[in-house]
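Engineer: Next comes the structure file protein.csv, holding CSV, C-alpha atoms.
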chain,number,residue,atom,x,y,z
H,1,MET,CA,-13.0,-11.7,-17.4
H,2,SER,CA,-12.9,-8.1,-16.1
H,3,ASP,CA,-11.2,-7.2,-12.8
H,4,THR,CA,-14.5,-6.4,-11.1
H,5,THR,CA,-16.0,-9.7,-12.2
H,6,SER,CA,-12.9,-11.6,-11.0
H,7,GLU,CA,-13.2,-10.0,-7.6
H,8,SER,CA,-16.9,-10.7,-7.1
H,9,HIS,CA,-16.4,-14.3,-8.5
H,10,PRO,CA,-13.1,-15.3,-6.9
H,11,TRP,CA,-13.5,-19.0,-7.4
H,12,SER,CA,-14.9,-21.4,-10.1
H,13,ASN,CA,-18.6,-22.0,-10.7
H,14,ASN,CA,-17.7,-25.6,-9.9
H,15,SER,CA,-17.3,-24.8,-6.2
H,16,PRO,CA,-19.6,-27.1,-4.1
H,17,ASN,CA,-20.3,-24.2,-1.8
H,18,GLY,CA,-23.1,-22.4,-3.7
H,19,LEU,CA,-22.9,-18.6,-3.6
H,20,ALA,CA,-20.8,-18.2,-0.5
H,21,VAL,CA,-17.9,-20.0,1.2
H,22,PRO,CA,-19.1,-21.1,4.6
H,23,VAL,CA,-17.3,-20.1,7.8
H,24,ARG,CA,-15.3,-23.2,8.6
H,25,LEU,CA,-13.4,-22.8,11.9
H,26,ALA,CA,-10.5,-25.1,11.4
H,27,CYS,CA,-7.5,-25.2,13.7
H,28,PHE,CA,-5.1,-25.0,10.8
H,29,PRO,CA,-5.3,-24.6,7.0
H,30,SER,CA,-6.5,-27.8,5.3
H,31,THR,CA,-7.1,-28.9,1.7
H,32,ALA,CA,-10.8,-29.1,2.1
H,33,SER,CA,-12.7,-27.6,-0.8
H,34,ASN,CA,-14.8,-25.4,1.5
H,35,ASP,CA,-11.8,-24.1,3.5
H,36,PRO,CA,-11.9,-20.3,3.6
H,37,TYR,CA,-8.1,-20.3,3.9
H,38,ILE,CA,-7.7,-22.1,0.5
H,39,HIS,CA,-10.3,-19.9,-1.2
H,40,THR,CA,-8.7,-16.7,0.2
H,41,HIS,CA,-5.3,-17.7,-1.3
H,42,ALA,CA,-6.9,-18.4,-4.7
H,43,ALA,CA,-8.9,-15.2,-4.7
H,44,ASN,CA,-5.9,-13.0,-3.9
H,45,ALA,CA,-3.7,-14.8,-6.4
H,46,LYS,CA,-6.3,-14.2,-9.1
H,47,ILE,CA,-6.6,-10.4,-8.6
H,48,MET,CA,-2.9,-9.9,-8.1
H,49,LYS,CA,-2.2,-11.9,-11.3
H,50,ALA,CA,0.1,-14.1,-9.2
H,51,ASP,CA,0.8,-17.8,-9.6
H,52,TRP,CA,1.1,-18.1,-5.8
H,53,ALA,CA,-0.4,-16.1,-3.0
H,54,PHE,CA,-0.4,-16.4,0.8
H,55,VAL,CA,-2.3,-14.7,3.6
H,56,VAL,CA,-0.8,-13.9,7.0
H,57,THR,CA,-1.8,-12.1,10.1
H,58,THR,CA,-0.9,-8.4,9.2
H,59,GLY,CA,0.7,-6.4,6.5
H,60,MET,CA,3.8,-6.0,8.7
H,61,ALA,CA,3.9,-9.8,9.2
H,62,ALA,CA,3.9,-10.1,5.4
H,63,LEU,CA,7.0,-7.9,5.2
H,64,ASP,CA,8.6,-9.8,8.1
H,65,VAL,CA,8.1,-13.0,6.2
H,66,ILE,CA,9.7,-11.5,3.1
H,67,LEU,CA,12.6,-10.1,5.1
H,68,ARG,CA,13.4,-13.7,6.3
H,69,LEU,CA,14.7,-14.3,2.8
H,70,VAL,CA,17.6,-11.9,3.5
H,71,LYS,CA,20.8,-13.4,5.1
H,72,THR,CA,23.3,-11.7,7.4
H,73,GLY,CA,25.8,-9.8,5.2
H,74,GLN,CA,23.3,-9.1,2.4
H,75,GLU,CA,21.8,-5.8,1.5
H,76,ILE,CA,18.4,-4.1,0.9
H,77,ILE,CA,17.7,-1.1,-1.2
H,78,ALA,CA,14.6,0.7,0.0
H,79,GLU,CA,12.6,3.8,-0.8
H,80,ASP,CA,13.4,6.7,1.6
H,81,ASN,CA,9.7,7.7,1.9
H,82,LEU,CA,8.4,4.5,3.4
H,83,TYR,CA,5.5,3.8,5.7
H,84,GLY,CA,6.6,4.4,9.3
H,85,GLY,CA,6.1,0.7,10.3
H,86,THR,CA,8.2,-0.5,7.4
H,87,ASN,CA,11.0,2.0,8.3
H,88,ARG,CA,10.8,0.7,11.9
H,89,LEU,CA,11.2,-2.9,10.9
H,90,LEU,CA,14.0,-2.2,8.5
H,91,THR,CA,15.8,-0.3,11.1
H,92,TYR,CA,15.5,-3.2,13.5
H,93,VAL,CA,16.8,-5.6,10.8
H,94,SER,CA,19.8,-3.4,10.1
H,95,GLN,CA,20.7,-3.1,13.8
H,96,TYR,CA,20.2,-6.8,14.9
H,97,SER,CA,20.5,-9.0,11.8
H,98,GLY,CA,23.6,-7.7,10.1
H,99,VAL,CA,21.7,-6.6,7.1
H,100,LYS,CA,22.7,-3.3,5.4
H,101,VAL,CA,19.7,-1.1,4.4
H,102,HIS,CA,20.2,1.7,1.8
H,103,ASN,CA,17.4,4.3,1.8
H,104,VAL,CA,17.3,6.1,-1.6
H,105,ASP,CA,14.9,8.2,-3.6
H,106,THR,CA,13.5,5.5,-5.9
H,107,THR,CA,11.9,8.0,-8.2
H,108,ASP,CA,15.4,8.4,-9.6
H,109,VAL,CA,16.3,5.0,-11.2
H,110,ASP,CA,20.0,5.9,-11.2
H,111,ARG,CA,20.0,6.3,-7.4
H,112,VAL,CA,18.8,2.7,-7.1
H,113,LEU,CA,21.3,1.4,-9.6
H,114,GLU,CA,24.2,3.1,-7.8
H,115,ARG,CA,23.5,1.0,-4.7
H,116,LEU,CA,23.2,-2.3,-6.5
H,117,ASP,CA,25.8,-4.9,-5.6
H,118,SER,CA,25.8,-8.1,-7.8
H,119,VAL,CA,26.8,-10.2,-4.8
H,120,LYS,CA,25.3,-8.5,-1.7
H,121,THR,CA,22.0,-7.0,-2.9
H,122,ARG,CA,19.1,-9.3,-2.0
H,123,LEU,CA,16.0,-7.1,-2.0
H,124,VAL,CA,14.9,-3.9,-3.7
H,125,LEU,CA,11.9,-2.7,-1.8
H,126,LEU,CA,9.5,-0.2,-3.4
H,127,GLU,CA,6.3,1.6,-2.7
H,128,SER,CA,4.5,3.4,-5.5
H,129,PRO,CA,2.8,5.6,-4.7
H,130,THR,CA,4.6,6.1,-1.5
H,131,ASN,CA,3.0,6.8,1.8
H,132,PRO,CA,2.5,9.7,2.5
H,133,MET,CA,4.2,11.8,-0.1
H,134,ILE,CA,2.6,9.9,-3.0
H,135,LYS,CA,5.8,9.7,-4.9
H,136,ILE,CA,5.8,7.5,-8.1
H,137,ALA,CA,8.6,5.0,-8.9
H,138,ASP,CA,9.1,3.6,-12.3
H,139,ILE,CA,8.6,0.0,-11.2
H,140,ARG,CA,8.9,-1.5,-14.7
H,141,THR,CA,12.2,0.1,-15.4
H,142,ILE,CA,13.7,-0.6,-12.0
H,143,ALA,CA,12.7,-4.2,-12.1
H,144,GLN,CA,14.2,-4.7,-15.6
H,145,ARG,CA,17.5,-3.0,-14.7
H,146,VAL,CA,17.8,-4.8,-11.3
H,147,HIS,CA,17.2,-8.2,-12.9
H,148,GLU,CA,19.8,-7.4,-15.6
H,149,GLN,CA,22.5,-6.2,-13.2
H,150,CYS,CA,21.7,-8.3,-10.2
H,151,PRO,CA,19.9,-11.6,-11.2
H,152,SER,CA,19.9,-12.9,-7.6
H,153,ALA,CA,18.1,-9.8,-6.2
H,154,LEU,CA,14.3,-9.8,-5.7
H,155,VAL,CA,12.2,-6.7,-6.5
H,156,VAL,CA,9.5,-6.4,-3.8
H,157,VAL,CA,6.6,-3.9,-4.0
H,158,ASP,CA,4.3,-2.8,-1.3
H,159,ASN,CA,1.2,-2.3,-3.4
H,160,THR,CA,-1.2,-1.5,-0.6
H,161,MET,CA,-1.9,2.1,-1.7
H,162,MET,CA,-3.1,1.0,-5.1
H,163,SER,CA,-4.6,-2.4,-4.4
H,164,PRO,CA,-4.6,-5.1,-7.1
H,165,TYR,CA,-7.6,-3.5,-8.7
H,166,LEU,CA,-5.6,-0.5,-9.9
H,167,GLN,CA,-2.0,-1.9,-10.2
H,168,ASN,CA,-0.5,-5.3,-10.8
H,169,THR,CA,3.2,-5.0,-10.0
H,170,LEU,CA,4.0,-8.7,-10.8
H,171,GLU,CA,3.0,-7.9,-14.4
H,172,LEU,CA,5.4,-4.9,-14.2
H,173,GLY,CA,8.3,-7.2,-13.4
H,174,ALA,CA,8.3,-7.4,-9.6
H,175,ASP,CA,9.1,-10.7,-8.0
H,176,ILE,CA,6.9,-10.2,-4.9
H,177,GLU,CA,3.9,-8.0,-4.3
H,178,TYR,CA,2.5,-7.6,-0.8
H,179,HIS,CA,-0.4,-5.8,0.8
H,180,SER,CA,-1.8,-4.8,4.1
H,181,GLY,CA,-5.1,-6.7,3.7
H,182,THR,CA,-6.3,-4.5,6.5
H,183,LYS,CA,-6.7,-1.7,4.0
H,184,TYR,CA,-8.5,-1.9,0.6
H,185,LEU,CA,-8.7,-5.7,0.4
H,186,SER,CA,-10.8,-5.7,3.6
H,187,GLY,CA,-12.4,-2.3,3.0
H,188,HIS,CA,-14.2,-2.2,6.4
H,189,HIS,CA,-11.4,-2.1,9.1
H,190,ASP,CA,-12.9,-5.2,10.8
H,191,LEU,CA,-9.8,-7.4,10.4
H,192,MET,CA,-6.0,-7.4,10.2
H,193,ALA,CA,-4.3,-9.3,7.4
H,194,GLY,CA,-1.3,-9.4,5.1
H,195,VAL,CA,-1.2,-10.8,1.6
H,196,ILE,CA,1.9,-11.9,-0.4
H,197,GLY,CA,1.9,-12.7,-4.1
H,198,CYS,CA,4.8,-14.4,-5.9
H,199,ALA,CA,5.8,-14.7,-9.6
H,200,ALA,CA,8.2,-17.7,-9.2
H,201,ALA,CA,7.8,-21.1,-7.7
H,202,HIS,CA,11.2,-21.1,-5.9
H,203,VAL,CA,10.4,-17.8,-4.2
H,204,ALA,CA,6.9,-19.0,-3.2
H,205,GLU,CA,8.4,-22.2,-1.7
H,206,GLN,CA,10.6,-20.1,0.6
H,207,ILE,CA,7.7,-17.8,1.6
H,208,TYR,CA,5.5,-20.8,2.4
H,209,PHE,CA,8.3,-22.4,4.5
H,210,VAL,CA,8.6,-19.3,6.6
H,211,ILE,CA,4.8,-18.9,7.1
H,212,ASN,CA,4.4,-22.6,8.0
H,213,ALA,CA,7.4,-22.6,10.3
H,214,SER,CA,6.5,-19.4,12.1
H,215,GLY,CA,2.8,-20.1,12.3
H,216,SER,CA,1.9,-16.7,10.9
H,217,GLY,CA,-0.9,-17.8,8.5
H,218,LEU,CA,-4.2,-16.0,8.8
H,219,GLY,CA,-6.9,-17.6,10.9
H,220,PRO,CA,-10.0,-19.1,9.2
H,221,PHE,CA,-12.6,-16.5,10.2
H,222,ASP,CA,-10.3,-13.6,9.2
H,223,CYS,CA,-9.8,-15.4,5.9
H,224,TRP,CA,-13.6,-15.5,5.4
H,225,LEU,CA,-13.8,-11.7,6.2
H,226,LEU,CA,-11.0,-11.0,3.8
H,227,LEU,CA,-12.6,-13.0,1.0
H,228,ARG,CA,-15.8,-11.0,1.6
H,229,GLY,CA,-14.0,-7.8,1.3
H,230,VAL,CA,-12.3,-8.8,-2.0
H,231,LYS,CA,-15.7,-9.3,-3.5
H,232,THR,CA,-16.5,-5.6,-3.3
H,233,LEU,CA,-13.0,-4.2,-3.9
H,234,GLY,CA,-13.8,-3.0,-7.4
H,235,ILE,CA,-16.9,-1.0,-6.7
H,236,ARG,CA,-15.4,0.5,-3.6
H,237,MET,CA,-12.2,1.6,-5.4
H,238,GLU,CA,-14.1,3.2,-8.2
H,239,LYS,CA,-16.2,5.3,-5.8
H,240,GLN,CA,-13.3,6.2,-3.5
H,241,GLN,CA,-11.1,7.1,-6.5
H,242,SER,CA,-13.8,9.3,-8.2
H,243,ASN,CA,-14.2,11.2,-4.9
H,244,ALA,CA,-10.5,11.6,-4.5
H,245,ILE,CA,-10.1,13.1,-7.9
H,246,GLU,CA,-12.7,15.8,-7.1
H,247,ILE,CA,-11.2,16.5,-3.7
H,248,ALA,CA,-7.7,16.8,-5.2
H,249,ASP,CA,-9.0,19.3,-7.7
H,250,PHE,CA,-10.8,21.3,-5.0
H,251,LEU,CA,-7.6,21.5,-2.8
H,252,GLU,CA,-5.4,22.5,-5.7
H,253,ALA,CA,-7.9,25.3,-6.6
H,254,GLN,CA,-7.3,26.7,-3.0
H,255,GLY,CA,-3.6,27.1,-3.8
H,256,LEU,CA,-2.5,24.3,-1.6
H,257,LYS,CA,0.4,22.0,-2.7
H,258,VAL,CA,-1.3,18.7,-3.4
H,259,HIS,CA,0.4,15.3,-3.9
H,260,TYR,CA,-1.8,13.1,-6.1
H,261,PRO,CA,-1.0,11.2,-9.3
H,262,GLY,CA,-4.4,12.0,-10.7
H,263,LEU,CA,-3.6,15.7,-11.1
H,264,LYS,CA,-2.2,16.6,-14.5
H,265,SER,CA,0.1,19.1,-12.7
H,266,ASN,CA,1.8,16.1,-11.0
H,267,PRO,CA,5.2,15.7,-12.8
H,268,ARG,CA,4.8,11.9,-12.7
H,269,TYR,CA,1.2,11.9,-14.0
H,270,GLU,CA,2.1,10.2,-17.3
H,271,LEU,CA,4.4,7.7,-15.7
H,272,HIS,CA,1.8,6.6,-13.2
H,273,LYS,CA,-0.8,6.2,-16.0
H,274,SER,CA,1.6,3.8,-17.7
H,275,LEU,CA,1.8,1.7,-14.5
H,276,ALA,CA,-1.7,1.8,-13.1
H,277,SER,CA,-5.3,2.1,-14.3
H,278,GLY,CA,-6.1,4.9,-11.9
H,279,PRO,CA,-4.6,7.3,-9.3
H,280,GLY,CA,-6.2,5.7,-6.2
H,281,ALA,CA,-7.9,7.3,-3.2
H,282,VAL,CA,-5.1,8.6,-1.0
H,283,LEU,CA,-3.7,12.0,-1.4
H,284,SER,CA,-1.7,14.5,0.8
H,285,PHE,CA,-1.3,18.2,0.8
H,286,GLU,CA,0.9,20.9,2.5
H,287,THR,CA,-0.3,24.1,4.1
H,288,GLY,CA,3.1,25.6,4.9
H,289,ASP,CA,2.3,25.8,8.7
H,290,VAL,CA,2.1,23.0,11.3
H,291,GLY,CA,-0.4,24.9,13.5
H,292,LEU,CA,-2.6,25.6,10.5
H,293,SER,CA,-2.6,21.9,9.5
H,294,GLU,CA,-3.4,20.9,13.1
H,295,ARG,CA,-6.4,23.2,13.1
H,296,ILE,CA,-7.7,21.8,9.8
H,297,VAL,CA,-7.5,18.2,11.1
H,298,GLU,CA,-9.1,19.1,14.4
H,299,SER,CA,-11.9,21.0,12.7
H,300,ALA,CA,-12.9,18.2,10.3
H,301,ARG,CA,-16.1,16.3,11.3
H,302,LEU,CA,-16.9,13.8,8.6
H,303,TRP,CA,-13.2,12.9,8.2
H,304,GLY,CA,-12.2,10.6,11.1
H,305,ILE,CA,-8.7,11.1,12.5
H,306,SER,CA,-6.8,7.8,12.0
H,307,VAL,CA,-3.5,6.5,10.8
H,308,SER,CA,-5.1,3.9,8.6
H,309,PHE,CA,-6.6,4.0,5.1
H,310,GLY,CA,-8.6,1.9,2.7
H,311,CYS,CA,-11.9,1.6,4.4
H,312,VAL,CA,-15.3,3.0,3.3
H,313,ASN,CA,-15.0,5.9,5.7
H,314,SER,CA,-12.9,9.0,4.9
H,315,LEU,CA,-9.9,9.6,7.2
H,316,ILE,CA,-7.6,12.5,7.9
H,317,SER,CA,-4.2,12.6,9.6
H,318,MET,CA,-0.9,14.3,10.0
H,319,PRO,CA,1.7,11.6,9.3
H,320,CYS,CA,4.6,13.2,11.1
H,321,LYS,CA,2.6,13.2,14.3
H,322,MET,CA,0.9,9.9,13.8
H,323,SER,CA,1.8,7.1,11.3
H,324,HIS,CA,5.4,8.4,10.8
H,325,ALA,CA,6.1,9.7,14.3
H,326,SER,CA,8.4,6.7,14.9
H,327,ILE,CA,10.9,8.1,12.3
H,328,PRO,CA,13.2,10.6,14.1
H,329,ALA,CA,12.6,14.2,13.3
H,330,GLU,CA,16.1,14.7,11.8
H,331,ILE,CA,15.6,11.7,9.4
H,332,ARG,CA,12.1,13.0,8.4
H,333,LYS,CA,13.8,16.4,7.6
H,334,GLN,CA,16.6,14.6,5.7
H,335,ARG,CA,14.0,12.7,3.6
H,336,GLN,CA,12.0,15.9,3.0
H,337,LEU,CA,8.9,14.8,4.8
H,338,PRO,CA,7.0,18.0,5.7
H,339,GLU,CA,5.9,18.4,9.3
H,340,ASP,CA,2.7,20.2,8.1
H,341,LEU,CA,1.7,17.5,5.7
H,342,ILE,CA,-1.9,16.3,5.9
H,343,ARG,CA,-3.0,13.0,4.4
H,344,LEU,CA,-6.5,12.3,3.2
H,345,CYS,CA,-7.8,8.7,2.7
H,346,VAL,CA,-11.0,9.1,0.8
H,347,GLY,CA,-14.0,7.0,1.4
H,348,ILE,CA,-17.3,6.3,-0.3
H,349,GLU,CA,-19.4,9.2,1.2
H,350,HIS,CA,-21.1,11.7,-1.0
H,351,VAL,CA,-18.3,13.8,-2.4
H,352,ASP,CA,-20.2,17.1,-1.9
H,353,GLU,CA,-20.4,16.4,1.8
H,354,LEU,CA,-16.8,15.6,2.0
H,355,ILE,CA,-15.8,18.8,0.2
H,356,GLY,CA,-18.2,20.7,2.3
H,357,ASP,CA,-16.6,19.4,5.5
H,358,LEU,CA,-13.2,20.2,4.2
H,359,THR,CA,-14.4,23.7,3.3
H,360,ASN,CA,-15.6,24.3,6.8
H,361,ALA,CA,-12.4,22.9,8.3
H,362,LEU,CA,-10.3,25.2,6.1
H,363,LYS,CA,-12.4,28.2,7.0
H,364,LYS,CA,-12.2,27.5,10.7
H,365,ALA,CA,-8.4,27.1,10.4
H,366,GLY,CA,-8.2,30.6,8.9
H,367,ILE,CA,-8.0,29.8,5.1
H,368,GLU,CA,-10.1,31.8,2.7
H,369,VAL,CA,-11.8,29.3,0.5
H,370,LYS,CA,-12.3,30.0,-3.2
H,371,ASN,CA,-15.6,28.8,-4.8
Would you give me this structure, written as structure tokens?
Structural biologist:
Amino acid sequence: MSDTTSESHPWSNNSPNGLAVPVRLACFPSTASNDPYIHTHAANAKIMKADWAFVVTTGMAALDVILRLVKTGQEIIAEDNLYGGTNRLLTYVSQYSGVKVHNVDTTDVDRVLERLDSVKTRLVLLESPTNPMIKIADIRTIAQRVHEQCPSALVVVDNTMMSPYLQNTLELGADIEYHSGTKYLSGHHDLMAGVIGCAAAHVAEQIYFVINASGSGLGPFDCWLLLRGVKTLGIRMEKQQSNAIEIADFLEAQGLKVHYPGLKSNPRYELHKSLASGPGAVLSFETGDVGLSERIVESARLWGISVSFGCVNSLISMPCKMSHASIPAEIRKQRQLPEDLIRLCVGIEHVDELIGDLTNALKKAGIEVKN
């Protein structure tokens, strides 16, 4: 069964519910055959190629649940170009839970291996592509080497940027894959959710215990909304991705430095092709001047200014002033996160209109646009 068919038919034809799962407003997850909580678990497990999947209240709640598997005195190796919220939570854990966090450039496998400790390392936390620099990590090689050198460590991947439609990290060797379901899995920005997929039963049992004990499971109506979003994931991703490819080509033709794994000029183009079935719909570019970037963002009309991504509407932002503003400026500089960086999250609008709006924004900002 193709991925698109799996998403639009996330349960068996034997379901007693007909063509749609009814909204069943239970107080807590049940084992009823028409419970949206149960169906949402099954649907997300199916598209993530996971044996076990869980849904919680937000993407950050998903990470918080995963971090409960780390004990005082243990260590985490994490990408140094992480989502701002992830960085904030890891900073808190390192300050108050006695957990050491090593931030490294995970595009260099050796940098990861240098930090591995066969006794202390508990998690290796990856994003690929990263947010917002769209850096690509060799998930398959890192997972293999980590499991060889540190069998007790878990490889965890935030796969939100790709969605399960384009990349299945559990099949690449990861132990845990998680998503902000608020993004592509929902697709409409009308709910908040987090999704966790596990490859092994003993890990799933620990994850379930934390969710059950902390009461962080997703409510029934949000489960129903999330299940609805999963049904259209494939068709949305195809349209958003095709738009993003054309927009990346347009921006690169203007002489701007574009970060996007769908460009053949990207040094990690072939690596990403070996990991995922497509480059996705998020890209970023540099202008070389913060003021110029601000004028571009402020001049856009079709592109909404927002820190989020993954919905059907196209969004534009400056990460250093928005989603990553919580990271101190000196750390952003140390991690080579450009202050002038603009991130585009491409939606399903007509691509000519999106490029036209960007053209007008670039011209208003003072850039001479090439045809």
Engineer: What's around stretch 294-300 of chain H at 7 Å? Count all atoms listed in the file, leave out sequence neighbours fewer than 3 positions away in its own chain, and write the answer as a ChimeraX atom specification.
Structural biologist: /H:290-291,303,316-317,357-358,361-362,364-365
Engineer: Against stretch 129-145 of chain H, which residues of stretch 219-310 of chain H fall within 8 Å? For each one I want the closest pair of atoms and the distance in Å (one decimal), counting all atoms listed in the file, rows by chain and increasing residue number, as JSON lines.
Structural biologist:
{"residue": "H:His259", "atom": "CA", "partner": "H:Ile134", "partner_atom": "CA", "distance": 5.9}
{"residue": "H:Tyr260", "atom": "CA", "partner": "H:Ile134", "partner_atom": "CA", "distance": 6.3}
{"residue": "H:Pro261", "atom": "CA", "partner": "H:Ile134", "partner_atom": "CA", "distance": 7.4}
{"residue": "H:Arg268", "atom": "CA", "partner": "H:Ile136", "partner_atom": "CA", "distance": 6.4}
{"residue": "H:Leu271", "atom": "CA", "partner": "H:Asp138", "partner_atom": "CA", "distance": 7.1}
{"residue": "H:His272", "atom": "CA", "partner": "H:Ile136", "partner_atom": "CA", "distance": 6.5}
{"residue": "H:Leu275", "atom": "CA", "partner": "H:Ile139", "partner_atom": "CA", "distance": 7.7}
{"residue": "H:Leu283", "atom": "CA", "partner": "H:Ile134", "partner_atom": "CA", "distance": 6.8}
{"residue": "H:Ser284", "atom": "CA", "partner": "H:Met133", "partner_atom": "CA", "distance": 6.6}
Engineer: Report, in Å to a single decimal, how far apart atom CA of H:Asn266 and atom CA of H:Phe309 are.
Structural biologist: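 These atoms are spaced 21.8 Å apart.
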Engineer: Write out as a VMD selection string the residues lying within 12 Å of H:Asp249, counting all atoms listed in the file and excluding same-chain residues fewer than 3 positions away.
Structural biologist: chain H and resid 242 to 246 252 to 266 283 285 355 371
Engineer: Which residue is closest to H:Asn168? Choose from H:Ala204, H:Ala276, H:Ala43, H:Met60 and count all atoms listed in the file.
Structural biologist: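 Closest to H:Asn168, using all atoms listed in the file: H:Ala276.
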Engineer: Against stretch 186-199 of chain H, which residues of stretch 243-350 of chain H fall within 9 Å? For each one I want the closest pair of atoms and the distance in Å (one decimal), counting all atoms listed in the file, rows by chain and increasing residue number, as a Markdown table.
Structural biologist:
| residue | atom | partner | partner_atom | distance |
| --- | --- | --- | --- | --- |
| H:Ser308 | CA | H:His189 | CA | 8.7 |
| H:Phe309 | CA | H:His189 | CA | 8.7 |
| H:Gly310 | CA | H:Gly187 | CA | 5.7 |
| H:Cys311 | CA | H:Gly187 | CA | 4.2 |
| H:Val312 | CA | H:Gly187 | CA | 6.0 |
| H:Asn313 | CA | H:His188 | CA | 8.2 |
Engineer: May I have the residues from that selection written out with C-alpha atoms, as an mmCIF file, in the coordinates of the input?
Structural biologist:
data_model
loop_
_atom_site.group_PDB
_atom_site.id
_atom_site.type_symbol
_atom_site.label_atom_id
_atom_site.label_comp_id
_atom_site.auth_asym_id
_atom_site.auth_seq_id
_atom_site.Cartn_x
_atom_site.Cartn_y
_atom_site.Cartn_z
ATOM 1 C CA SER H 308 -5.100 3.900 8.600
ATOM 2 C CA PHE H 309 -6.600 4.000 5.100
ATOM 3 C CA GLY H 310 -8.600 1.900 2.700
ATOM 4 C CA CYS H 311 -11.900 1.600 4.400
ATOM 5 C CA VAL H 312 -15.300 3.000 3.300
ATOM 6 C CA ASN H 313 -15.000 5.900 5.700
#
Engineer: In terms of the shortest atom-to-atom distance over all atoms listed in the file, which of H:Arg88, H:Lys71, H:Lys231, H:Arg301 is closest to H:Thr121?
Structural biologist: H:Lys71
